[in-house]
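Trainee: File follows, my_file_12.pdb with PDB, C-alpha atoms, pLDDT in the B column:
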ATOM      1  CA  MET A   1      29.705 -85.088 -33.160  1.00 49.00           C
ATOM      2  CA  ARG A   2      26.100 -85.632 -32.178  1.00 57.00           C
ATOM      3  CA  PRO A   3      23.758 -82.581 -32.471  1.00 63.00           C
ATOM      4  CA  LYS A   4      22.790 -80.950 -29.170  1.00 76.00           C
ATOM      5  CA  ARG A   5      19.243 -81.859 -28.108  1.00 74.00           C
ATOM      6  CA  ASP A   6      17.026 -79.731 -25.881  1.00 74.00           C
ATOM      7  CA  GLN A   7      14.961 -81.037 -22.962  1.00 70.00           C
ATOM      8  CA  ARG A   8      12.201 -82.022 -25.367  1.00 78.00           C
ATOM      9  CA  GLY A   9      14.646 -84.230 -27.260  1.00 80.00           C
ATOM     10  CA  LEU A  10      14.771 -81.986 -30.350  1.00 88.00           C
ATOM     11  CA  ASP A  11      17.811 -80.647 -32.130  1.00 88.00           C
ATOM     12  CA  GLU A  12      18.100 -77.907 -34.768  1.00 89.00           C
ATOM     13  CA  ILE A  13      17.521 -80.384 -37.601  1.00 91.00           C
ATOM     14  CA  ASP A  14      14.304 -81.645 -35.972  1.00 92.00           C
ATOM     15  CA  ARG A  15      13.082 -78.079 -35.527  1.00 89.00           C
ATOM     16  CA  SER A  16      13.881 -77.263 -39.163  1.00 92.00           C
ATOM     17  CA  ILE A  17      12.002 -80.360 -40.288  1.00 93.00           C
ATOM     18  CA  LEU A  18       8.969 -79.371 -38.191  1.00 93.00           C
ATOM     19  CA  ALA A  19       8.999 -75.812 -39.562  1.00 91.00           C
ATOM     20  CA  MET A  20       9.285 -76.941 -43.188  1.00 92.00           C
ATOM     21  CA  LEU A  21       6.574 -79.610 -42.878  1.00 93.00           C
ATOM     22  CA  GLN A  22       4.286 -77.123 -41.155  1.00 90.00           C
ATOM     23  CA  ASP A  23       4.763 -74.714 -44.069  1.00 89.00           C
ATOM     24  CA  ASP A  24       4.247 -77.430 -46.688  1.00 91.00           C
ATOM     25  CA  CYS A  25       3.258 -80.923 -45.570  1.00 91.00           C
ATOM     26  CA  LYS A  26       3.491 -82.117 -49.183  1.00 92.00           C
ATOM     27  CA  LEU A  27       7.190 -81.267 -49.385  1.00 92.00           C
ATOM     28  CA  ALA A  28       9.021 -84.263 -50.854  1.00 93.00           C
ATOM     29  CA  LEU A  29      11.189 -86.040 -48.301  1.00 92.00           C
ATOM     30  CA  ALA A  30      14.138 -85.880 -50.707  1.00 92.00           C
ATOM     31  CA  LYS A  31      13.786 -82.083 -50.883  1.00 94.00           C
ATOM     32  CA  LEU A  32      13.385 -81.910 -47.102  1.00 94.00           C
ATOM     33  CA  GLY A  33      16.548 -83.976 -46.616  1.00 93.00           C
ATOM     34  CA  GLU A  34      18.395 -81.776 -49.086  1.00 94.00           C
ATOM     35  CA  GLN A  35      17.362 -78.645 -47.145  1.00 94.00           C
ATOM     36  CA  VAL A  36      18.644 -79.987 -43.797  1.00 94.00           C
ATOM     37  CA  GLY A  37      21.629 -81.942 -45.166  1.00 94.00           C
ATOM     38  CA  LEU A  38      20.381 -85.493 -44.553  1.00 94.00           C
ATOM     39  CA  SER A  39      20.153 -88.547 -46.799  1.00 93.00           C
ATOM     40  CA  ALA A  40      16.765 -89.973 -47.783  1.00 90.00           C
ATOM     41  CA  PRO A  41      16.926 -92.848 -45.248  1.00 92.00           C
ATOM     42  CA  SER A  42      17.999 -90.449 -42.479  1.00 94.00           C
ATOM     43  CA  ILE A  43      15.201 -87.964 -43.176  1.00 93.00           C
ATOM     44  CA  ILE A  44      12.615 -90.750 -43.286  1.00 94.00           C
ATOM     45  CA  GLU A  45      13.878 -92.002 -39.927  1.00 94.00           C
ATOM     46  CA  ARG A  46      13.755 -88.488 -38.439  1.00 93.00           C
ATOM     47  CA  VAL A  47      10.208 -87.808 -39.660  1.00 95.00           C
ATOM     48  CA  ARG A  48       8.969 -91.185 -38.412  1.00 94.00           C
ATOM     49  CA  LYS A  49      10.567 -90.501 -35.017  1.00 94.00           C
ATOM     50  CA  LEU A  50       8.878 -87.077 -34.833  1.00 94.00           C
ATOM     51  CA  GLU A  51       5.557 -88.727 -35.703  1.00 95.00           C
ATOM     52  CA  HIS A  52       6.033 -91.563 -33.204  1.00 95.00           C
ATOM     53  CA  GLU A  53       6.967 -89.165 -30.387  1.00 93.00           C
ATOM     54  CA  GLY A  54       3.871 -87.053 -31.069  1.00 93.00           C
ATOM     55  CA  PHE A  55       5.563 -83.895 -32.354  1.00 93.00           C
ATOM     56  CA  ILE A  56       3.805 -84.428 -35.693  1.00 94.00           C
ATOM     57  CA  LYS A  57       0.159 -85.224 -35.059  1.00 93.00           C
ATOM     58  CA  GLY A  58      -1.029 -85.389 -38.667  1.00 92.00           C
ATOM     59  CA  TYR A  59      -0.888 -83.866 -42.125  1.00 91.00           C
ATOM     60  CA  HIS A  60      -3.696 -81.605 -43.293  1.00 88.00           C
ATOM     61  CA  ALA A  61      -4.860 -79.524 -46.197  1.00 87.00           C
ATOM     62  CA  ARG A  62      -6.075 -76.016 -45.371  1.00 87.00           C
ATOM     63  CA  ILE A  63      -9.466 -75.681 -46.982  1.00 89.00           C
ATOM     64  CA  ASP A  64     -11.192 -72.383 -47.726  1.00 89.00           C
ATOM     65  CA  ALA A  65     -14.464 -72.652 -45.775  1.00 91.00           C
ATOM     66  CA  ARG A  66     -16.072 -69.794 -47.705  1.00 91.00           C
ATOM     67  CA  ARG A  67     -15.460 -71.538 -51.032  1.00 92.00           C
ATOM     68  CA  LEU A  68     -17.482 -74.437 -49.602  1.00 93.00           C
ATOM     69  CA  GLY A  69     -20.313 -72.159 -48.509  1.00 93.00           C
ATOM     70  CA  LEU A  70     -19.429 -71.899 -44.818  1.00 95.00           C
ATOM     71  CA  ASP A  71     -19.715 -68.131 -44.633  1.00 95.00           C
ATOM     72  CA  VAL A  72     -20.252 -67.552 -40.894  1.00 97.00           C
ATOM     73  CA  THR A  73     -17.517 -67.949 -38.286  1.00 97.00           C
ATOM     74  CA  ALA A  74     -18.487 -67.512 -34.651  1.00 98.00           C
ATOM     75  CA  PHE A  75     -17.209 -68.101 -31.145  1.00 98.00           C
ATOM     76  CA  ILE A  76     -19.731 -69.565 -28.743  1.00 98.00           C
ATOM     77  CA  SER A  77     -19.121 -69.306 -25.014  1.00 98.00           C
ATOM     78  CA  VAL A  78     -20.830 -72.108 -23.097  1.00 97.00           C
ATOM     79  CA  TRP A  79     -21.629 -72.054 -19.394  1.00 96.00           C
ATOM     80  CA  THR A  80     -22.274 -75.443 -17.778  1.00 95.00           C
ATOM     81  CA  THR A  81     -23.872 -76.263 -14.427  1.00 93.00           C
ATOM     82  CA  HIS A  82     -20.612 -77.788 -13.154  1.00 88.00           C
ATOM     83  CA  ALA A  83     -17.159 -78.763 -14.441  1.00 81.00           C
ATOM     84  CA  ARG A  84     -18.132 -82.455 -14.471  1.00 85.00           C
ATOM     85  CA  ALA A  85     -20.413 -81.632 -17.415  1.00 91.00           C
ATOM     86  CA  ILE A  86     -17.393 -81.227 -19.701  1.00 93.00           C
ATOM     87  CA  LYS A  87     -17.037 -84.983 -20.266  1.00 93.00           C
ATOM     88  CA  GLU A  88     -20.737 -85.244 -21.148  1.00 92.00           C
ATOM     89  CA  PHE A  89     -20.432 -82.260 -23.490  1.00 95.00           C
ATOM     90  CA  GLN A  90     -17.394 -83.865 -25.107  1.00 94.00           C
ATOM     91  CA  ARG A  91     -19.424 -86.959 -25.976  1.00 93.00           C
ATOM     92  CA  HIS A  92     -21.868 -84.785 -27.960  1.00 94.00           C
ATOM     93  CA  LEU A  93     -19.186 -83.001 -29.996  1.00 93.00           C
ATOM     94  CA  LYS A  94     -19.240 -85.659 -32.743  1.00 91.00           C
ATOM     95  CA  GLU A  95     -22.855 -84.672 -33.474  1.00 93.00           C
ATOM     96  CA  LEU A  96     -21.931 -80.987 -33.776  1.00 96.00           C
ATOM     97  CA  GLU A  97     -19.984 -81.028 -37.041  1.00 93.00           C
ATOM     98  CA  ASP A  98     -19.843 -77.235 -37.357  1.00 96.00           C
ATOM     99  CA  VAL A  99     -17.732 -77.066 -34.168  1.00 97.00           C
ATOM    100  CA  LEU A 100     -14.092 -76.775 -35.249  1.00 96.00           C
ATOM    101  CA  GLU A 101     -12.542 -76.248 -31.820  1.00 96.00           C
ATOM    102  CA  CYS A 102     -13.658 -76.690 -28.233  1.00 97.00           C
ATOM    103  CA  HIS A 103     -11.579 -75.282 -25.380  1.00 97.00           C
ATOM    104  CA  HIS A 104     -12.043 -75.498 -21.599  1.00 95.00           C
ATOM    105  CA  VAL A 105     -11.301 -71.923 -20.486  1.00 95.00           C
ATOM    106  CA  THR A 106     -10.901 -69.778 -17.403  1.00 94.00           C
ATOM    107  CA  GLY A 107     -13.206 -66.890 -16.615  1.00 91.00           C
ATOM    108  CA  GLY A 108     -16.971 -66.836 -16.901  1.00 92.00           C
ATOM    109  CA  PRO A 109     -17.779 -69.528 -19.454  1.00 96.00           C
ATOM    110  CA  THR A 110     -16.719 -73.140 -19.039  1.00 95.00           C
ATOM    111  CA  LEU A 111     -16.067 -73.777 -22.739  1.00 96.00           C
ATOM    112  CA  LEU A 112     -15.256 -71.720 -25.812  1.00 98.00           C
ATOM    113  CA  LEU A 113     -16.200 -73.085 -29.237  1.00 98.00           C
ATOM    114  CA  LYS A 114     -15.033 -71.949 -32.645  1.00 97.00           C
ATOM    115  CA  VAL A 115     -17.642 -72.767 -35.288  1.00 98.00           C
ATOM    116  CA  LYS A 116     -18.152 -72.291 -39.025  1.00 97.00           C
ATOM    117  CA  THR A 117     -21.648 -72.524 -40.494  1.00 97.00           C
ATOM    118  CA  ARG A 118     -23.374 -71.755 -43.798  1.00 97.00           C
ATOM    119  CA  ASN A 119     -25.466 -68.811 -42.599  1.00 97.00           C
ATOM    120  CA  THR A 120     -27.131 -67.244 -39.578  1.00 97.00           C
ATOM    121  CA  GLN A 121     -30.009 -69.736 -39.727  1.00 97.00           C
ATOM    122  CA  SER A 122     -27.625 -72.700 -39.430  1.00 97.00           C
ATOM    123  CA  LEU A 123     -25.794 -70.865 -36.645  1.00 98.00           C
ATOM    124  CA  GLU A 124     -29.084 -70.394 -34.807  1.00 98.00           C
ATOM    125  CA  ARG A 125     -29.862 -74.127 -35.155  1.00 97.00           C
ATOM    126  CA  LEU A 126     -26.394 -74.986 -33.807  1.00 98.00           C
ATOM    127  CA  ILE A 127     -26.817 -72.675 -30.822  1.00 98.00           C
ATOM    128  CA  SER A 128     -30.212 -74.256 -30.085  1.00 97.00           C
ATOM    129  CA  ALA A 129     -28.683 -77.741 -30.264  1.00 97.00           C
ATOM    130  CA  ILE A 130     -25.908 -76.713 -27.858  1.00 97.00           C
ATOM    131  CA  ARG A 131     -28.376 -75.132 -25.427  1.00 97.00           C
ATOM    132  CA  ALA A 132     -30.414 -78.368 -25.457  1.00 96.00           C
ATOM    133  CA  LEU A 133     -27.441 -80.452 -24.261  1.00 95.00           C
ATOM    134  CA  PRO A 134     -27.462 -81.722 -20.660  1.00 92.00           C
ATOM    135  CA  ASP A 135     -25.991 -79.344 -18.063  1.00 94.00           C
ATOM    136  CA  VAL A 136     -25.667 -76.379 -20.459  1.00 96.00           C
ATOM    137  CA  GLU A 137     -26.880 -73.318 -18.541  1.00 96.00           C
ATOM    138  CA  ARG A 138     -26.465 -70.700 -21.241  1.00 96.00           C
ATOM    139  CA  THR A 139     -24.476 -69.603 -24.259  1.00 98.00           C
ATOM    140  CA  GLU A 140     -23.196 -66.330 -25.640  1.00 98.00           C
ATOM    141  CA  THR A 141     -22.196 -65.984 -29.270  1.00 98.00           C
ATOM    142  CA  ASN A 142     -19.816 -63.599 -31.006  1.00 98.00           C
ATOM    143  CA  VAL A 143     -20.065 -63.585 -34.804  1.00 98.00           C
ATOM    144  CA  VAL A 144     -16.831 -62.806 -36.655  1.00 97.00           C
ATOM    145  CA  LEU A 145     -17.105 -59.864 -39.047  1.00 96.00           C
ATOM    146  CA  SER A 146     -13.632 -60.306 -40.530  1.00 94.00           C
ATOM    147  CA  THR A 147     -10.508 -62.279 -39.706  1.00 91.00           C
ATOM    148  CA  LEU A 148      -7.234 -60.400 -39.500  1.00 93.00           C
ATOM    149  CA  VAL A 149      -5.001 -63.366 -38.604  1.00 89.00           C
ATOM    150  CA  GLU A 150      -5.785 -67.077 -38.599  1.00 86.00           C
ATOM    151  CA  ARG A 151      -2.702 -69.244 -38.374  1.00 82.00           C
ATOM    152  CA  ALA A 152      -2.842 -72.890 -39.278  1.00 79.00           C
ATOM    153  CA  GLY A 153       0.325 -73.742 -37.380  1.00 79.00           C
ATOM    154  CA  LEU A 154       2.607 -72.695 -34.586  1.00 82.00           C
ATOM    155  CA  GLY A 155       4.495 -69.431 -34.683  1.00 77.00           C
ATOM    156  CA  THR A 156       8.162 -69.547 -35.602  1.00 72.00           C
ATOM    157  CA  LYS A 157       9.188 -68.745 -32.021  1.00 73.00           C
ATOM    158  CA  ALA A 158       7.756 -72.066 -30.813  1.00 75.00           C
ATOM    159  CA  LEU A 159       9.863 -73.931 -33.382  1.00 75.00           C
ATOM    160  CA  LYS A 160      13.155 -72.240 -32.518  1.00 74.00           C
ATOM    161  CA  ALA A 161      15.742 -73.691 -30.158  1.00 63.00           C
ATOM    162  CA  GLY A 162      16.114 -72.304 -26.677  1.00 57.00           C
ATOM    163  CA  ASN A 163      12.582 -72.983 -25.496  1.00 55.00           C
ATOM    164  CA  THR A 164      13.307 -73.644 -21.815  1.00 51.00           C
ATOM    165  CA  GLU A 165       9.805 -74.512 -20.698  1.00 59.00           C
ATOM    166  CA  PRO A 166       9.490 -78.121 -19.530  1.00 57.00           C
ATOM    167  CA  PRO A 167       7.400 -80.357 -21.779  1.00 58.00           C
ATOM    168  CA  PRO A 168       3.721 -80.436 -20.779  1.00 60.00           C
ATOM    169  CA  LYS A 169       2.279 -83.612 -19.352  1.00 60.00           C
ATOM    170  CA  ASP A 170      -0.139 -85.500 -21.582  1.00 55.00           C
ATOM    171  CA  HIS A 171      -3.785 -84.533 -21.129  1.00 51.00           C
ATOM    172  CA  ASP A 172      -7.083 -85.587 -22.598  1.00 48.00           C
ATOM    173  CA  GLU A 173      -7.884 -83.553 -25.674  1.00 48.00           C
ATOM    174  CA  VAL A 174     -11.432 -82.470 -26.258  1.00 45.00           C
ATOM    175  CA  SER A 175     -11.152 -82.610 -30.036  1.00 44.00           C
ATOM    176  CA  GLY A 176      -8.685 -85.444 -30.341  1.00 44.00           C
ATOM    177  CA  ALA A 177      -7.269 -84.058 -33.599  1.00 42.00           C
ATOM    178  CA  ALA A 178      -4.792 -81.407 -34.411  1.00 38.00           C
TER
END
Output the file's structure in the form of structure tokens.
Mentor:
Amino acid sequence: MRPKRDQRGLDEIDRSILAMLQDDCKLALAKLGEQVGLSAPSIIERVRKLEHEGFIKGYHARIDARRLGLDVTAFISVWTTHARAIKEFQRHLKELEDVLECHHVTGGPTLLLKVKTRNTQSLERLISAIRALPDVERTETNVVLSTLVERAGLGTKALKAGNTEPPPKDHDEVSGAA
């Protein structure tokens, strides 16, 4: 009997694979197969399918920014002159290495950036560089004093079966990496 797939094309085994790889992307495929009851060739095929279909976008190490001297985390709200400026802003993101995330948001600002820098002087230089970009009207910065929760992956609810939301349509990503 074939496992029941949801509207995203995932079954319980796929969801278990995603959850385990999210917890430990270095988990040996043999161990992964053992955990979900699949042979080595079957687990390799499943993982490749999940990669090919875009459910797995990459494998990453979580690095402690503070250990590398990046001691300041901040959120920078950016107001632009018009929404068309987002594409132009996106082109400049490669130059702004301290920007970890860039989101187009609702409300007052056009964009919300998450950044990590060495100190307040480097943060000030980054803010100045952002303000100097074309069509940036103003910025507002919130410096993080402490972080209570910072998840590297999706919550367990998103990886459980029964998610009845239709799959989102593809869209252009600002960062291009997950």
Trainee: Find the residues around Ile56 in chain A up to 10 Å (only C-alpha atoms counted), leave out those fewer than 2 positions away in its own chain, and share them as number ranges by chain.
Mentor: A: 18, 21-22, 47-54, 58-59, 178
Trainee: Could you expand the PyMOL selection byres ((chain A and resi 64-80) around 10) into the explicit residues it covers here, written as a PyMOL selection string?
Mentor: chain A and resi 61-63+81-86+89+98-105+108-120+122-123+126-127+130-131+133-147
Trainee: Any chance you could work out the residue set of the PyMOL selection byres ((chain A and resi 151-153) around 9) here, as a list in words?
Mentor: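 Checking the PyMOL selection byres ((chain A and resi 151-153) around 9) against this file, the residues are Gln22, Asp23, Arg62, Val149, Glu150, Leu154 and Gly155 of chain A.
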Trainee: Written as a list in words, what is the full residue list that the PyMOL selection byres ((chain A and resi 12-16) around 7) yields on the file shown?
Mentor: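 On this input, the PyMOL selection byres ((chain A and resi 12-16) around 7) captures Leu10, Asp11, Ile17, Leu18, Ala19, Met20, Val36, Leu159, Lys160 and Ala161 of chain A.
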Trainee: Quote the spacing between CA of Pro41 in chain A and CA of Cys25 in chain A in Å to one decimal place.
Mentor: 18.1 Å
Trainee: Edge lengths and centre, in Å to one decimal, as AutoDock Vina command-line options: that's what I need for the box along x, y and z that holds all listed atoms of range 132-145 of chain A plus 6 Å on each side.
Mentor:
--center_x -23.6 --center_y -70.8 --center_z -28.6 --size_x 25.6 --size_y 33.9 --size_z 33.0
Trainee: Rounded to one decimal place, report the CA of Glu88 in chain A-CA of His60 in chain A distance in Å.
Mentor: 28.2 Å
Trainee: Have a look at CA of Leu93 in chain A and CA of Ser128 in chain A and let me know their distance in Å, one decimal.
Mentor: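 According to the coordinates, CA of Leu93 in chain A and CA of Ser128 in chain A are separated by 14.1 Å.
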